[in-house]
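For reference, the structure discussed in these notes is given below.
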Amino acid sequence: MEQKDTGLKKNPWISIFTIEFLFVLLLLLALFVFIYAARMVFVVKGTAFDENIFKALASYTTPGRTKVMNFITFLGKHTLLIPLNFLLIIFFIYKKQKWFAIRIASLALSSVVLSFSLKAYFRRDRPLLPTLGDAAGYSFPSGHALIGVVFYGLFIYIIWHEVKQKWLRIFLTLFLILLILLISFSRVYLRVHFTSDVIAGLALGFIWLVLSLQIIQRIEKKYIAKKVRTVEKLD
């Protein structure tokens with residue numbers, strides 16, 4: 001049977017607008033979450049939420065689970081992620097995809113600087129009696145959460161540009177999102193961060209990732225357009 005032409009055609013601009021609008025909403029939500037967390041910690045000075053989470057987790061702490069959490073938290077450590085970033089940069093330079101290399105280098109460096117700068121600014125002490133042992137540095141926001149979102153979020157971005165199989169893209173995306181959440185949870189389980197630190201780190205990491213990718217993409221487009229104009233003039 002012939003399908004009737006309803007006169008309605010799928011407009012690609014509608015889907016693009018919808019995606020951009022969704023990201024704007026998510027960015028605003030993430031910004032609200034970060035500001036709210038900072039206000040609760042440093043203005044209201046509310047500690048009940050963080051302490052209740054620690055109390056709830058206390059009965060689930062076992063030596064076996066702690067070993068697992070130690071391994072998971074290592075996957076978000078900057079001492080691991082920085083070398084991995086360098087390997088990715090070398091890989092994309094070798095593949096002659098310099099803009100992927102630029103994205104990785106820019107986000108790797110800036111996220112670490114942002115994390116340590118904010119910790120130095122807010123100067124929140126870490127929780128008492130950490131399961132992991134004494135942790136150096138300040139607590140707010142969680143560097144593991146912030147840098148983890150940026151690194152593994154960038155990996156998701158690369159996957160959606162490089163992996164052709166849809167099912168594999170979706171599987172890897174869900175896996176990496178789960179990994180980000182597990183790394184963040186491990187910091188609270190190990191009592192090296194308050195839950196509010198982790199929430200703030202996740203929110204800020206998402207904001208930094210999306211805005212940075214947008215800025216670099218705009219620079220790339222301008223660079224390519226300028227290069228095309230130069231070639232046309234030479235011709």
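We name chains A, B, ... following the order of the structure tokens; residues begin at 1 in each chain, and ligands are numbered from 1 as shown.
Within 10 Å of range 127-132 of chain A, once only C-alpha atoms are used and residues closer than 6 positions along the same chain are dropped, the contacting residues are Asp50, Glu51, Phe54, Thr61, Pro63, Thr66, Lys67, Met69, Asn70, Tyr138, Ser139, Arg187, Val188, Tyr189, Leu190, Arg191, Val192, His193 and Phe194 of chain A.
Using only C-alpha atoms, the contacts of Gly143 in chain A at a cut-off of 9 Å, with sequence neighbours closer than 2 positions omitted, comprise Gly76, Lys77, His78, Ser111, Val112, Ser115, Phe116, Lys119, Ser139, Phe140, Pro141, Ala145, Leu146, Ile147, Gly148, Asp197, Val198 and Gly201 of chain A.
Among the candidates A:Ser196, A:Gln97, A:Thr173, A:Thr73, the one nearest to Ile35 in chain A when counting only C-alpha atoms is A:Ser196.
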Between CA of Ala37 in chain A and CA of Tyr121 in chain A, what is the spacing in Å?
15.2 Å
Near-Phe151 in chain A list (9 Å; only C-alpha atoms; drop same-chain fewer than 6 positions) as number ranges by chain:
A: 76, 81, 85, 104, 107-108, 111, 209
